[in-house]
Structure formats: C-alpha cells, structure tokens
$ cat query.cif   # mmCIF, C-alpha atoms
data_data
#
loop_
_atom_site.label_atom_id
_atom_site.label_comp_id
_atom_site.auth_asym_id
_atom_site.auth_seq_id
_atom_site.Cartn_x
_atom_site.Cartn_y
_atom_site.Cartn_z
CA MET A 1 25.73 12.47 -7.00
CA ARG A 2 25.80 9.21 -8.86
CA LEU A 3 23.65 6.16 -9.44
CA THR A 4 25.71 3.06 -10.07
CA ALA A 5 24.59 -0.39 -11.11
CA GLU A 6 27.16 -3.15 -11.00
CA ASN A 7 26.80 -6.51 -12.75
CA LEU A 8 23.05 -6.66 -12.31
CA SER A 9 21.31 -9.91 -13.18
CA ALA A 10 17.69 -10.72 -12.56
CA ARG A 11 15.56 -13.77 -12.76
CA ARG A 12 11.86 -14.25 -13.20
CA GLY A 13 10.88 -17.72 -12.20
CA GLU A 14 13.50 -20.00 -13.72
CA ASP A 15 14.58 -17.75 -16.55
CA LEU A 16 17.46 -15.37 -16.34
CA ILE A 17 16.10 -12.21 -17.95
CA PHE A 18 19.38 -10.35 -18.22
CA LYS A 19 22.83 -10.58 -16.74
CA ASP A 20 25.84 -8.44 -15.99
CA ILE A 21 24.41 -5.03 -16.74
CA SER A 22 26.48 -2.19 -15.39
CA PHE A 23 26.03 1.51 -15.80
CA ARG A 24 26.92 4.70 -14.04
CA LEU A 25 24.82 7.83 -14.21
CA ASP A 26 25.93 11.23 -12.91
CA GLY A 27 23.74 14.27 -12.35
CA GLY A 28 22.17 15.53 -15.58
CA GLU A 29 22.47 12.25 -17.43
CA CYS A 30 19.71 10.23 -19.01
CA LEU A 31 19.70 6.56 -19.94
CA VAL A 32 17.06 5.23 -22.30
CA LEU A 33 16.35 1.51 -22.40
CA THR A 34 15.08 0.17 -25.68
CA GLY A 35 14.27 -3.28 -26.92
CA LYS A 36 11.36 -5.40 -27.93
CA ASN A 37 8.56 -6.54 -25.61
CA GLY A 38 9.74 -9.03 -23.04
CA SER A 39 13.39 -8.05 -23.33
CA GLY A 40 13.61 -7.17 -19.65
CA LYS A 41 13.28 -3.38 -19.64
CA SER A 42 10.66 -3.29 -16.89
CA THR A 43 12.49 -5.96 -14.91
CA LEU A 44 15.68 -3.90 -15.00
CA LEU A 45 13.82 -0.78 -13.88
CA ARG A 46 12.11 -2.63 -11.04
CA THR A 47 15.46 -4.04 -9.98
CA VAL A 48 17.03 -0.57 -9.91
CA ALA A 49 14.03 0.69 -7.92
CA GLY A 50 14.64 -2.04 -5.36
CA LEU A 51 11.32 -3.75 -6.03
CA LEU A 52 12.94 -6.95 -7.30
CA ARG A 53 15.89 -8.55 -5.63
CA PRO A 54 18.78 -8.84 -8.12
CA GLU A 55 20.23 -12.28 -8.69
CA THR A 56 23.71 -10.79 -8.65
CA GLY A 57 25.15 -7.30 -8.44
CA ARG A 58 23.91 -4.21 -6.69
CA VAL A 59 22.62 -0.70 -7.17
CA THR A 60 24.22 2.06 -5.16
CA TRP A 61 23.58 5.72 -4.70
CA THR A 62 26.35 8.11 -3.73
CA SER A 63 26.18 11.82 -3.12
CA ASP A 64 27.69 14.37 -0.76
CA GLY A 65 24.90 14.38 1.79
CA ALA A 66 23.90 10.74 1.56
CA GLN A 67 24.31 8.55 4.58
CA ALA A 68 26.32 5.39 4.17
CA GLY A 69 24.19 2.34 3.56
CA MET A 70 21.25 4.27 2.17
CA ARG A 71 19.12 2.27 -0.23
CA ALA A 72 19.27 3.61 -3.78
CA ALA A 73 15.48 3.28 -4.00
CA GLU A 74 15.04 6.16 -1.56
CA ALA A 75 16.54 8.57 -4.09
CA CYS A 76 14.16 7.41 -6.82
CA HIS A 77 10.77 8.22 -8.18
CA TYR A 78 9.22 5.22 -9.91
CA LEU A 79 6.53 5.67 -12.54
CA GLY A 80 5.43 2.17 -13.45
CA HIS A 81 2.73 0.84 -15.74
CA ARG A 82 0.18 1.52 -13.05
CA ASN A 83 -0.40 5.07 -12.00
CA ALA A 84 -0.44 4.66 -8.19
CA MET A 85 -3.42 6.97 -7.85
CA LYS A 86 -6.78 6.17 -6.25
CA ALA A 87 -9.79 6.44 -8.55
CA GLU A 88 -12.10 7.25 -5.61
CA LEU A 89 -10.12 10.30 -4.49
CA SER A 90 -9.90 13.60 -6.31
CA VAL A 91 -6.73 14.48 -8.18
CA SER A 92 -5.68 17.05 -5.60
CA GLU A 93 -6.29 14.60 -2.74
CA ASN A 94 -4.14 12.05 -4.54
CA LEU A 95 -1.36 14.52 -5.24
CA SER A 96 -1.37 16.06 -1.79
CA PHE A 97 -1.18 12.58 -0.26
CA TRP A 98 1.91 11.73 -2.29
CA ARG A 99 3.39 15.17 -1.64
CA GLU A 100 3.14 14.68 2.11
CA PHE A 101 3.92 10.98 2.16
CA LEU A 102 6.97 11.13 -0.10
CA GLY A 103 8.31 14.39 1.26
CA ASN A 104 11.42 15.92 -0.21
CA PHE A 105 14.56 13.92 -0.60
CA SER A 106 16.94 14.75 2.21
CA GLY A 107 20.04 12.73 1.34
CA GLY A 108 21.62 15.22 -1.05
CA PRO A 109 23.21 18.65 -0.96
CA THR A 110 21.14 21.21 0.94
CA SER A 111 20.52 23.38 -2.11
CA GLU A 112 18.47 20.73 -3.89
CA PRO A 113 15.21 21.81 -5.47
CA LYS A 114 11.94 21.23 -3.69
CA GLY A 115 8.69 19.82 -4.98
CA VAL A 116 6.31 22.32 -6.53
CA SER A 117 2.75 22.94 -5.35
CA ILE A 118 -0.11 20.78 -6.58
CA GLY A 119 -1.65 23.48 -8.74
CA GLU A 120 1.69 24.23 -10.34
CA ALA A 121 2.41 20.56 -11.01
CA ALA A 122 -0.99 20.19 -12.71
CA GLU A 123 -0.23 23.28 -14.81
CA GLN A 124 3.13 21.85 -15.83
CA VAL A 125 1.55 18.68 -17.19
CA GLY A 126 -1.01 20.84 -18.98
CA LEU A 127 -4.04 19.96 -16.87
CA GLY A 128 -4.50 22.94 -14.54
CA GLY A 129 -8.01 23.55 -13.27
CA ILE A 130 -9.30 19.98 -13.11
CA THR A 131 -7.66 18.90 -9.89
CA HIS A 132 -11.02 18.85 -8.09
CA LEU A 133 -12.29 15.94 -10.23
CA PRO A 134 -12.11 12.35 -8.98
CA PHE A 135 -9.11 10.66 -10.56
CA GLY A 136 -11.36 7.92 -11.95
CA TYR A 137 -13.24 10.43 -14.13
CA LEU A 138 -10.16 11.33 -16.16
CA SER A 139 -9.29 9.73 -19.48
CA ALA A 140 -6.37 7.30 -19.71
CA GLY A 141 -4.08 9.99 -21.11
CA GLN A 142 -5.08 12.52 -18.46
CA GLN A 143 -4.52 9.92 -15.76
CA ARG A 144 -1.06 9.29 -17.11
CA ARG A 145 -0.30 13.01 -17.08
CA MET A 146 -1.50 13.32 -13.50
CA ALA A 147 0.60 10.32 -12.51
CA PHE A 148 3.54 12.20 -13.99
CA ALA A 149 2.61 15.28 -11.94
CA LYS A 150 3.29 13.10 -8.89
CA LEU A 151 6.99 13.24 -9.79
CA LEU A 152 6.91 17.01 -9.63
CA VAL A 153 5.26 17.50 -6.24
CA SER A 154 8.16 15.99 -4.36
CA TRP A 155 11.82 16.12 -5.30
CA ARG A 156 13.77 12.97 -6.01
CA PRO A 157 17.07 13.12 -7.90
CA VAL A 158 16.41 9.95 -9.91
CA TRP A 159 13.35 9.39 -12.09
CA ILE A 160 12.69 5.80 -13.15
CA LEU A 161 10.11 5.86 -15.92
CA ASP A 162 8.55 2.74 -17.35
CA GLU A 163 6.86 3.53 -20.68
CA PRO A 164 6.07 7.10 -19.56
CA THR A 165 4.45 8.02 -22.86
CA ALA A 166 2.03 5.08 -23.17
CA ALA A 167 -1.54 6.30 -23.91
CA LEU A 168 -0.37 9.82 -24.65
CA ASP A 169 -0.92 12.17 -27.57
CA VAL A 170 1.90 13.98 -29.35
CA SER A 171 1.57 17.22 -27.38
CA ALA A 172 1.78 15.33 -24.09
CA GLU A 173 4.93 13.61 -25.27
CA GLU A 174 6.44 17.03 -25.88
CA VAL A 175 5.38 18.15 -22.40
CA PHE A 176 7.02 15.08 -20.88
CA THR A 177 10.19 15.62 -22.88
CA GLY A 178 10.30 19.20 -21.60
CA LEU A 179 9.81 18.09 -18.00
CA ILE A 180 12.49 15.42 -18.25
CA THR A 181 14.87 17.96 -19.82
CA ASN A 182 14.16 20.39 -16.96
CA HIS A 183 14.77 17.66 -14.45
CA LEU A 184 18.12 16.85 -16.06
CA ALA A 185 19.02 20.53 -16.17
CA ALA A 186 18.33 20.74 -12.44
CA GLY A 187 20.95 18.05 -11.92
CA GLY A 188 18.61 15.08 -11.87
CA ILE A 189 19.05 11.65 -13.39
CA ALA A 190 16.50 9.92 -15.60
CA LEU A 191 16.22 6.25 -16.46
CA ALA A 192 13.47 5.44 -18.93
CA ALA A 193 12.20 2.43 -20.85
CA THR A 194 10.42 3.44 -24.00
CA HIS A 195 9.39 2.43 -27.52
CA GLN A 196 8.96 5.91 -28.91
CA PRO A 197 12.07 8.09 -28.92
CA LEU A 198 11.88 10.44 -25.95
CA GLY A 199 13.49 13.35 -27.73
CA VAL A 200 15.82 14.13 -24.84
CA GLU A 201 19.18 15.39 -26.02
CA ASN A 202 22.39 13.58 -25.09
CA ALA A 203 20.48 10.56 -23.86
CA ARG A 204 22.48 7.39 -23.80
CA GLU A 205 20.90 4.23 -25.01
CA LEU A 206 21.01 0.72 -23.60
CA ARG A 207 19.58 -1.83 -25.98
CA MET A 208 18.14 -4.85 -24.24
CA THR A 209 18.08 -8.00 -26.33
CA GLY A 210 16.30 -10.28 -23.91
CA PHE A 211 16.25 -13.98 -23.41
CA GLU A 212 19.70 -14.82 -24.65
CA GLY A 213 21.11 -12.70 -21.89
CA VAL A 214 23.39 -11.02 -24.40
CA MET A 215 23.70 -7.28 -24.11
CA GLU A 216 24.88 -4.88 -26.68
CA GLU A 217 25.57 -1.46 -25.31
CA MET A 218 25.68 1.62 -27.50
CA TRP A 219 26.99 4.81 -25.99
CA MET B 1 2.36 9.17 8.03
CA THR B 2 -0.66 11.24 9.02
CA ALA B 3 -1.29 11.63 5.31
CA LEU B 4 -1.43 7.86 4.88
CA LEU B 5 -3.83 7.51 7.83
CA LEU B 6 -6.14 10.19 6.46
CA ARG B 7 -6.04 8.77 2.93
CA ASP B 8 -6.94 5.26 4.08
CA LEU B 9 -9.75 6.59 6.27
CA LYS B 10 -11.15 8.56 3.34
CA LEU B 11 -10.97 5.49 1.12
CA SER B 12 -12.78 3.37 3.68
CA VAL B 13 -15.80 5.68 3.74
CA ARG B 14 -15.86 6.48 0.00
CA ALA B 15 -17.58 4.28 -2.55
CA GLY B 16 -16.18 0.76 -2.50
CA GLY B 17 -14.78 1.16 1.00
CA GLY B 18 -15.36 -1.59 3.51
CA ALA B 19 -16.70 0.36 6.50
CA LEU B 20 -20.42 0.15 5.78
CA ILE B 21 -20.29 -3.34 4.24
CA GLY B 22 -18.70 -4.74 7.39
CA VAL B 23 -21.38 -3.25 9.64
CA LEU B 24 -24.18 -4.46 7.36
CA PHE B 25 -22.76 -7.98 7.32
CA PHE B 26 -22.42 -7.89 11.12
CA MET B 27 -26.08 -6.87 11.41
CA THR B 28 -27.20 -9.57 9.00
CA VAL B 29 -25.37 -12.32 10.86
CA VAL B 30 -26.68 -11.31 14.27
CA ALA B 31 -30.18 -10.46 13.08
CA VAL B 32 -30.85 -13.90 11.57
CA ILE B 33 -29.94 -15.76 14.77
CA PRO B 34 -33.26 -15.00 16.59
CA PHE B 35 -35.16 -16.26 13.56
CA GLY B 36 -33.20 -19.49 13.56
CA VAL B 37 -33.09 -20.09 17.32
CA GLY B 38 -36.67 -19.05 17.98
CA PRO B 39 -38.19 -16.47 20.32
CA ASP B 40 -36.83 -17.92 23.55
CA LEU B 41 -35.66 -14.74 25.27
CA ASN B 42 -33.70 -16.48 28.01
CA LEU B 43 -31.81 -18.59 25.51
CA LEU B 44 -31.09 -15.55 23.34
CA SER B 45 -29.72 -13.52 26.21
CA ARG B 46 -27.59 -16.49 27.27
CA ILE B 47 -25.98 -16.97 23.85
CA GLY B 48 -26.00 -13.23 23.05
CA PRO B 49 -22.39 -12.27 23.83
CA ALA B 50 -21.06 -15.28 21.92
CA ILE B 51 -23.21 -14.53 18.87
CA VAL B 52 -22.23 -10.86 18.82
CA TRP B 53 -18.56 -11.82 19.08
CA ILE B 54 -18.80 -14.40 16.30
CA GLY B 55 -20.60 -11.88 14.11
CA ALA B 56 -17.92 -9.28 14.76
CA LEU B 57 -15.16 -11.81 14.04
CA LEU B 58 -16.68 -12.80 10.71
CA SER B 59 -17.25 -9.19 9.62
CA ALA B 60 -13.71 -8.28 10.65
CA LEU B 61 -12.40 -11.11 8.44
CA LEU B 62 -14.52 -9.89 5.55
CA GLY B 63 -12.58 -6.73 4.79
CA LEU B 64 -9.08 -7.92 5.64
CA ASP B 65 -7.90 -9.01 2.20
CA ARG B 66 -8.30 -5.49 0.82
CA MET B 67 -5.81 -4.02 3.27
CA PHE B 68 -2.84 -4.17 0.88
CA GLN B 69 -4.43 -5.51 -2.27
CA THR B 70 -6.00 -2.23 -3.43
CA ASP B 71 -2.64 -0.53 -3.04
CA ARG B 72 -0.95 -3.28 -4.97
CA GLU B 73 -3.45 -3.19 -7.82
CA ASP B 74 -2.92 0.49 -8.57
CA GLY B 75 0.83 0.46 -7.99
CA SER B 76 0.84 2.51 -4.77
CA LEU B 77 2.39 -0.37 -2.86
CA ASP B 78 5.55 -0.14 -5.01
CA LEU B 79 6.03 3.47 -4.03
CA ILE B 80 5.26 2.75 -0.38
CA LEU B 81 7.91 0.00 -0.34
CA MET B 82 10.54 2.33 -1.82
CA GLN B 83 10.35 5.01 0.86
CA GLU B 84 12.78 5.58 3.68
CA HIS B 85 10.05 5.35 6.35
CA PRO B 86 10.45 2.06 8.21
CA LEU B 87 8.02 -0.35 6.56
CA VAL B 88 6.91 -1.69 9.95
CA LEU B 89 5.70 1.77 10.89
CA THR B 90 3.87 2.19 7.58
CA VAL B 91 2.14 -1.16 8.09
CA LEU B 92 1.21 -0.19 11.65
CA ILE B 93 -0.40 3.01 10.37
CA LYS B 94 -2.28 1.06 7.72
CA CYS B 95 -3.53 -1.36 10.39
CA LEU B 96 -4.64 1.55 12.52
CA ALA B 97 -6.49 3.12 9.60
CA HIS B 98 -8.04 -0.24 8.75
CA TRP B 99 -9.24 -0.72 12.31
CA LEU B 100 -10.66 2.81 12.51
CA GLY B 101 -12.46 2.26 9.20
CA ASN B 102 -13.62 -1.34 9.68
CA GLY B 103 -13.24 -2.42 13.32
CA LEU B 104 -14.48 0.63 15.20
CA PRO B 105 -17.85 0.75 13.37
CA LEU B 106 -18.44 -2.85 14.49
CA VAL B 107 -17.77 -1.87 18.10
CA ILE B 108 -20.15 1.06 17.79
CA ALA B 109 -22.87 -1.09 16.21
CA SER B 110 -22.58 -3.86 18.81
CA PRO B 111 -24.91 -2.35 21.51
CA LEU B 112 -27.76 -2.22 19.01
CA LEU B 113 -27.21 -5.85 18.10
CA GLY B 114 -27.03 -6.69 21.80
CA LEU B 115 -30.64 -5.46 22.03
CA PHE B 116 -31.62 -7.89 19.27
CA MET B 117 -30.24 -10.66 21.45
CA ASN B 118 -32.09 -9.49 24.59
CA MET B 119 -28.85 -8.93 26.48
CA SER B 120 -28.76 -7.06 29.78
CA GLU B 121 -27.08 -3.63 30.03
CA VAL B 122 -24.08 -5.08 31.81
CA ALA B 123 -23.66 -7.78 29.18
CA ILE B 124 -23.94 -5.22 26.37
CA GLY B 125 -21.36 -2.98 28.04
CA ALA B 126 -18.99 -5.87 28.65
CA THR B 127 -19.31 -7.13 25.07
CA MET B 128 -18.68 -3.68 23.68
CA LEU B 129 -15.63 -3.22 25.89
CA THR B 130 -14.17 -6.60 24.95
CA LEU B 131 -14.82 -5.90 21.27
CA LEU B 132 -13.09 -2.53 21.61
CA VAL B 133 -10.04 -4.24 23.05
CA GLY B 134 -10.15 -7.39 20.95
CA THR B 135 -10.87 -6.22 17.39
CA PRO B 136 -7.49 -4.45 16.97
CA ALA B 137 -5.86 -7.85 17.51
CA LEU B 138 -7.95 -9.24 14.64
CA THR B 139 -6.69 -6.44 12.40
CA PHE B 140 -3.05 -7.00 13.34
CA ILE B 141 -3.32 -10.76 12.80
CA GLY B 142 -5.16 -10.15 9.55
CA ALA B 143 -2.44 -7.81 8.30
CA VAL B 144 -0.02 -10.75 8.16
CA GLY B 145 -2.50 -12.85 6.20
CA ALA B 146 -3.31 -9.96 3.89
CA ALA B 147 0.37 -9.33 3.23
CA VAL B 148 1.08 -12.99 2.50
CA ALA B 149 -1.85 -13.24 0.09
CA VAL B 150 -1.34 -9.83 -1.51
CA ALA B 151 -0.11 -11.19 -4.83
CA LEU B 152 -2.83 -13.82 -5.17
CA PRO B 153 -5.66 -12.87 -7.51
CA ARG B 154 -8.43 -14.30 -5.34
CA GLY B 155 -6.80 -14.27 -1.96
CA GLY B 156 -9.85 -13.17 0.03
CA LEU B 157 -10.99 -16.54 1.31
CA LEU B 158 -7.42 -17.70 1.76
CA VAL B 159 -6.71 -14.76 4.05
CA SER B 160 -9.69 -15.68 6.24
CA ILE B 161 -8.60 -19.31 6.46
CA LEU B 162 -4.99 -18.38 7.24
CA VAL B 163 -6.03 -15.93 9.90
CA LEU B 164 -8.83 -17.83 11.60
CA PRO B 165 -6.73 -20.21 13.78
CA LEU B 166 -4.81 -17.25 15.19
CA ALA B 167 -8.03 -15.35 15.80
CA ILE B 168 -9.58 -18.14 17.88
CA PRO B 169 -7.83 -17.16 21.16
CA VAL B 170 -9.16 -13.62 20.74
CA LEU B 171 -12.67 -15.03 20.41
CA ILE B 172 -12.28 -17.35 23.39
CA PHE B 173 -11.06 -14.70 25.78
CA GLY B 174 -13.39 -12.02 24.43
CA VAL B 175 -16.43 -14.22 24.97
CA SER B 176 -15.33 -15.53 28.33
CA ALA B 177 -14.71 -12.00 29.61
CA SER B 178 -18.16 -10.95 28.40
CA TYR B 179 -19.76 -13.89 30.19
CA ALA B 180 -17.75 -13.28 33.32
CA ALA B 181 -19.29 -9.81 33.59
CA VAL B 182 -22.81 -11.26 33.93
CA GLU B 183 -22.27 -14.65 35.57
CA ASP B 184 -21.37 -14.25 39.17
CA PRO B 185 -18.64 -16.68 40.20
CA ALA B 186 -16.41 -16.11 37.19
CA PRO B 187 -13.99 -13.19 37.53
CA PHE B 188 -13.99 -10.59 34.73
CA MET B 189 -10.46 -9.27 34.94
CA PRO B 190 -8.26 -12.33 34.14
CA PRO B 191 -9.77 -13.11 30.70
CA PHE B 192 -10.03 -9.40 29.93
CA LEU B 193 -6.38 -8.79 30.76
CA ILE B 194 -5.35 -11.78 28.66
CA LEU B 195 -7.34 -10.24 25.79
CA VAL B 196 -5.44 -6.97 26.28
CA ALA B 197 -2.19 -8.91 26.28
CA ILE B 198 -3.10 -10.71 23.06
CA THR B 199 -3.85 -7.39 21.38
CA MET B 200 -0.57 -5.84 22.50
CA PHE B 201 1.37 -8.95 21.49
CA PHE B 202 -0.05 -8.92 17.98
CA ALA B 203 0.37 -5.15 17.71
CA VAL B 204 4.11 -5.88 17.79
CA ILE B 205 4.27 -9.19 15.91
CA GLY B 206 1.65 -8.40 13.26
CA PRO B 207 3.27 -5.37 11.58
CA ILE B 208 6.71 -7.04 11.65
CA GLY B 209 5.35 -10.16 9.99
CA ALA B 210 3.35 -8.19 7.44
CA ALA B 211 6.35 -5.99 6.59
CA LEU B 212 8.54 -9.06 6.03
CA ALA B 213 5.90 -10.64 3.81
CA LEU B 214 5.50 -7.47 1.74
CA ARG B 215 9.25 -7.10 1.27
CA ASN B 216 9.49 -10.63 -0.05
CA THR B 217 6.60 -10.41 -2.47
CA ALA B 218 8.54 -10.59 -5.71
CA ASP B 219 6.55 -9.94 -8.86
#
$ encode --input "query.cif" --output "structure tokens"
Amino acid sequence: MRLTAENLSARRGEDLIFKDISFRLDGGECLVLTGKNGSGKSTLLRTVAGLLRPETGRVTWTSDGAQAGMRAAEACHYLGHRNAMKAELSVSENLSFWREFLGNFSGGPTSEPKGVSIGEAAEQVGLGGITHLPFGYLSAGQQRRMAFAKLLVSWRPVWILDEPTAALDVSAEEVFTGLITNHLAAGGIALAATHQPLGVENARELRMTGFEGVMEEMW
Amino acid sequence: MTALLLRDLKLSVRAGGGALIGVLFFMTVVAVIPFGVGPDLNLLSRIGPAIVWIGALLSALLGLDRMFQTDREDGSLDLILMQEHPLVLTVLIKCLAHWLGNGLPLVIASPLLGLFMNMSEVAIGATMLTLLVGTPALTFIGAVGAAVAVALPRGGLLVSILVLPLAIPVLIFGVSASYAAVEDPAPFMPPFLILVAITMFFAVIGPIGAALALRNTAD
C-alpha cells in the first residue's frame, strides 16, 4: 500500500501557501513536517486528508484491495487541533461512537489489523479506568490523550497527526511515540506536523518554509 | 449510522441540547397570545391553529443553526466528511436525529398549547397531525441553511432568515389543512396531501443541498 502526493499546491484566500510538494509513503514509513508557525504544515495535512481542495496536484491511495477511484481520505485518520470529542458525553460514549461510526478500513489486504476495544485503547494511552467520566471533565492533556485513543479503536492505515503532542507532558510524548512506532511496525503510515521531535526512528523530514513557496526537502 | 443517530439524540437531551429549549420557547410564544389578544374565547379558538403553527415554526427555526455547527467547532465534522459513507446519507441521519430531538417534542407539546387557545378536539388533532407531517420539512429545509452558514461565527439569525422564505409554503398548507378540518366547506385532504408532498420533496432536496454546501466549506 502506498500514499502518493503529486505536485500539491494549496491556497488560502489569495495567498499560495505552498506549491509542488510531492512525496510517496509506503507501509511502515513516517514523514514529519517541520517549519515555523504559518509555514503551511496544517494546510498540507488538511489537503492530504481531503478537507481542502488542492490548487493543483492530487493525493492518491493504492493498495491491493483498494477499489479504483477510492478517495485517499478514506484510508486516513485525522487528528487535528480540535479533538473531535463531545464534552457532554462520557469518554466511553465518545469512543464507542467513533468506533462504530468509523468502522474498520476495508480497502486493504484482508489480514489488516482491527481496532482494539475501548478499554484497551484507554489503557494504551495511559488513562484506563476513567472512561466513565464526561469528556469535558478531563484536563487538556487527558483530552488530547483520549483523542489519540480514537485512532486506536478503529483501524486506518494512514495517520495524519497535526501537532499530536501539544498540551502533553513528557511521559505522554513517549506513549505517543510508542504508539506511532507500533502503528508503523504494523505496516501503517504516519504523517505528522510537529515542533518537538517525535522520536520515531527512520522518520523522514519535510521542512516547510512557507510564504515564499520554496521547499527544501531533506531525506 | 445508528451510532450517529443515537449520539445526536443523546446530545439533544443532555445539557446544552436544544430539545427542552425549543419546547419552552414554543410554550412562551403561544402562552403570551391570550394575554395580548384578550379573553375572547371565540377569537382565540378561531386563530388557534395559526398561532400554534407559527409558534412551532419559530421554535423549529431556533435550534437549526446548531445542527452542524457544534460538530464543526469540536472538529467532528472533519472526520465525518472524510468517511466513505455517502455524505447525503449522513446528513439525512443528522436531520432525522435533529427532528426527533427538536421537532417531535413540539408536536407532542402542541395539544396542550391547543387547550390554551380554546381549540376544539378536532382542531387540536388536525393541528397535531399537520405538525407531525410538516415539521420534518422545516428540518430538511433548515439543514441547507445550517450547512451554508456552518462556517460563520454568528450564523444563527442568518440561518433563520435564509430558511424562512422556503418555510412559508409549509406554514400556509399546514394552517390551511388545520382550518379545513374544522370549517365545513373546505376539504381537508388537498392541503394535507400538498404538505406531505412538500415534506417528501425536501427530504430529497434538503440533504443533497446540505451535503454539497458542507463539501464546499473550505476553511
């Protein structure tokens, strides 16, 4: 399986944020986007996730079981700045909703991993035993961890992470690094924008320089 | 999809949900009319169906803007847009959940408010039946307005203004069918069937329009 971006350019309002970005990620590979604030990291991630229409270029997803013409977004988990969880509902209600609504990705080989149970996902992010609390009662860091648990309850080959470690303490960063490494080991693909180094081995780096539309790629 | 329906229903009855607010507003609107018009029972029973319908229309408009906005604010809408489920179907389910949470309580409360207006049993029954058939149309029309205004910070009033012209036919045929049930020469079925037709028409058009608007909300 492979996620390919060809000559992507995106625009916000009148300004071209970036242009002609191409990359190709196979199973087990990780691409880290770095660059200063406003350099277009989030815009690139939203474009790959299909939430912004690219000015030019396209994102494609190919794998053995994928149907032709499938949108790449369907193979992706997107963890944005906002956590996509309802403060009024309990953590387990939130997670079980996403588990059922997202389902498991069906466009890949049949032996793909499945999402884990809610309790297990909460354990993996280090917050087992508090899933009965309303999501709004949790601290910002706990909310972020629970939002990450959403990626574990249903299987998607590609994880798109926008500042996954914002509001987190050092131990949580280690937990996230471990989970991303596991995901890569299971044949997944990760695409992350971050300021702190993620600590994932063999991660490739794409440095975004922003407004000038000049890209400098380091492999 | 069932998961989405259940989640939205839960949210509508939890704190901050619109179900109770809509009913309270409906009651307030209808309950002040007798004070303003005066204790003329014949006049009240004559204008009763129209007042109950207008009250229901206004309360239905009240909660519309939240249909997609809450999901957008916490990032859930991004994930919903990325899935392989047809977006039209997702929107239809959201409309259904919105109607069950906000429209159906109005229908259930209407007989009580009919008593305030000194309406006869037949008039109360006819008004309730027309509301049951007509309020889904208001939700479907409102979904388009809510989807168009989803990215606007204070879109609430704008949604009502956008939606109101399209909601007028529903009001006209709802009220005329209610009157036809109590006033002898006018037939009940033609306006009632037109009301049914309007609801079915917007059940098809509404979700398609809302899905298109959501897809094109670039941010």
$ residues_around --input "query.cif" --residues "Cys95 (chain B)" --least-positions-apart "5" --cutoff "7 Å" --atoms "all atoms listed in the file" --output "PyMOL selection string"
chain B and resi 139-140+143
$ resolve_selection --input "query.cif" --expression "the PyMOL selection byres ((chain A and resi 95) around 9)" --output "PDB file with C-alpha atoms, in the coordinates of the input"
ATOM      1  CA  MET A  85      -3.420   6.970  -7.850  1.00  0.00           C
ATOM      2  CA  SER A  90      -9.900  13.600  -6.310  1.00  0.00           C
ATOM      3  CA  VAL A  91      -6.730  14.480  -8.180  1.00  0.00           C
ATOM      4  CA  SER A  92      -5.680  17.050  -5.600  1.00  0.00           C
ATOM      5  CA  GLU A  93      -6.290  14.600  -2.740  1.00  0.00           C
ATOM      6  CA  ASN A  94      -4.140  12.050  -4.540  1.00  0.00           C
ATOM      7  CA  SER A  96      -1.370  16.060  -1.790  1.00  0.00           C
ATOM      8  CA  PHE A  97      -1.180  12.580  -0.260  1.00  0.00           C
ATOM      9  CA  TRP A  98       1.910  11.730  -2.290  1.00  0.00           C
ATOM     10  CA  ARG A  99       3.390  15.170  -1.640  1.00  0.00           C
ATOM     11  CA  GLU A 100       3.140  14.680   2.110  1.00  0.00           C
ATOM     12  CA  ILE A 118      -0.110  20.780  -6.580  1.00  0.00           C
ATOM     13  CA  THR A 131      -7.660  18.900  -9.890  1.00  0.00           C
ATOM     14  CA  MET A 146      -1.500  13.320 -13.500  1.00  0.00           C
ATOM     15  CA  ALA A 147       0.600  10.320 -12.510  1.00  0.00           C
ATOM     16  CA  ALA A 149       2.610  15.280 -11.940  1.00  0.00           C
ATOM     17  CA  LYS A 150       3.290  13.100  -8.890  1.00  0.00           C
ATOM     18  CA  VAL A 153       5.260  17.500  -6.240  1.00  0.00           C
TER      19      VAL A 153
END
$ residues_near_point --input "query.cif" --point "(-4.6, -8.1, 20.2)" --cutoff "8 Å" --atoms "all atoms listed in the file" --output "list of chain:residue names"
B:Val133, B:Gly134, B:Thr135, B:Pro136, B:Ala137, B:Leu138, B:Phe140, B:Ile141, B:Val170, B:Leu195, B:Val196, B:Ala197, B:Ile198, B:Thr199, B:Met200, B:Phe201, B:Phe202, B:Ala203
$ interface_residues --input "query.cif" --of "chain B" --to "chain A" --cutoff "6 Å" --atoms "only C-alpha atoms" --output "PDB file with C-alpha atoms, keeping the file's coordinate frame"
ATOM      1  CA  ALA B   3      -1.290  11.630   5.310  1.00  0.00           C
ATOM      2  CA  ASP B  74      -2.920   0.490  -8.570  1.00  0.00           C
ATOM      3  CA  GLY B  75       0.830   0.460  -7.990  1.00  0.00           C
ATOM      4  CA  SER B  76       0.840   2.510  -4.770  1.00  0.00           C
ATOM      5  CA  MET B  82      10.540   2.330  -1.820  1.00  0.00           C
ATOM      6  CA  GLN B  83      10.350   5.010   0.860  1.00  0.00           C
ATOM      7  CA  GLU B  84      12.780   5.580   3.680  1.00  0.00           C
ATOM      8  CA  ALA B 218       8.540 -10.590  -5.710  1.00  0.00           C
TER       9      ALA B 218
END
$ resolve_selection --input "query.cif" --expression "the PyMOL selection byres ((chain A and resi 4) around 6)" --output "list in words"
Leu3, Ala5, Phe23, Arg24, Val59 and Thr60 of chain A
$ decode --input "query.cif" --residues "region 168-187 of chain A" --atoms "C-alpha atoms" --output "short mmCIF file (atom, residue, chain, number, x, y, z; two decimals), in the first residue's frame"
data_model
loop_
_atom_site.label_atom_id
_atom_site.label_comp_id
_atom_site.auth_asym_id
_atom_site.auth_seq_id
_atom_site.Cartn_x
_atom_site.Cartn_y
_atom_site.Cartn_z
CA LEU A 168 1.24 16.96 26.65
CA ASP A 169 3.77 16.09 29.33
CA VAL A 170 6.99 14.20 28.62
CA SER A 171 5.63 10.78 29.56
CA ALA A 172 2.67 11.23 27.22
CA GLU A 173 5.02 12.12 24.40
CA GLU A 174 6.81 8.83 24.99
CA VAL A 175 3.49 6.99 24.95
CA PHE A 176 2.59 8.63 21.64
CA THR A 177 5.99 7.81 20.16
CA GLY A 178 5.48 4.19 21.19
CA LEU A 179 2.01 4.07 19.64
CA ILE A 180 3.20 5.63 16.39
CA THR A 181 6.13 3.17 16.27
CA ASN A 182 3.70 0.27 16.80
CA HIS A 183 1.48 1.59 14.06
CA LEU A 184 4.43 1.78 11.67
CA ALA A 185 5.53 -1.72 12.67
CA ALA A 186 2.04 -2.97 11.82
CA GLY A 187 2.54 -1.64 8.31
#
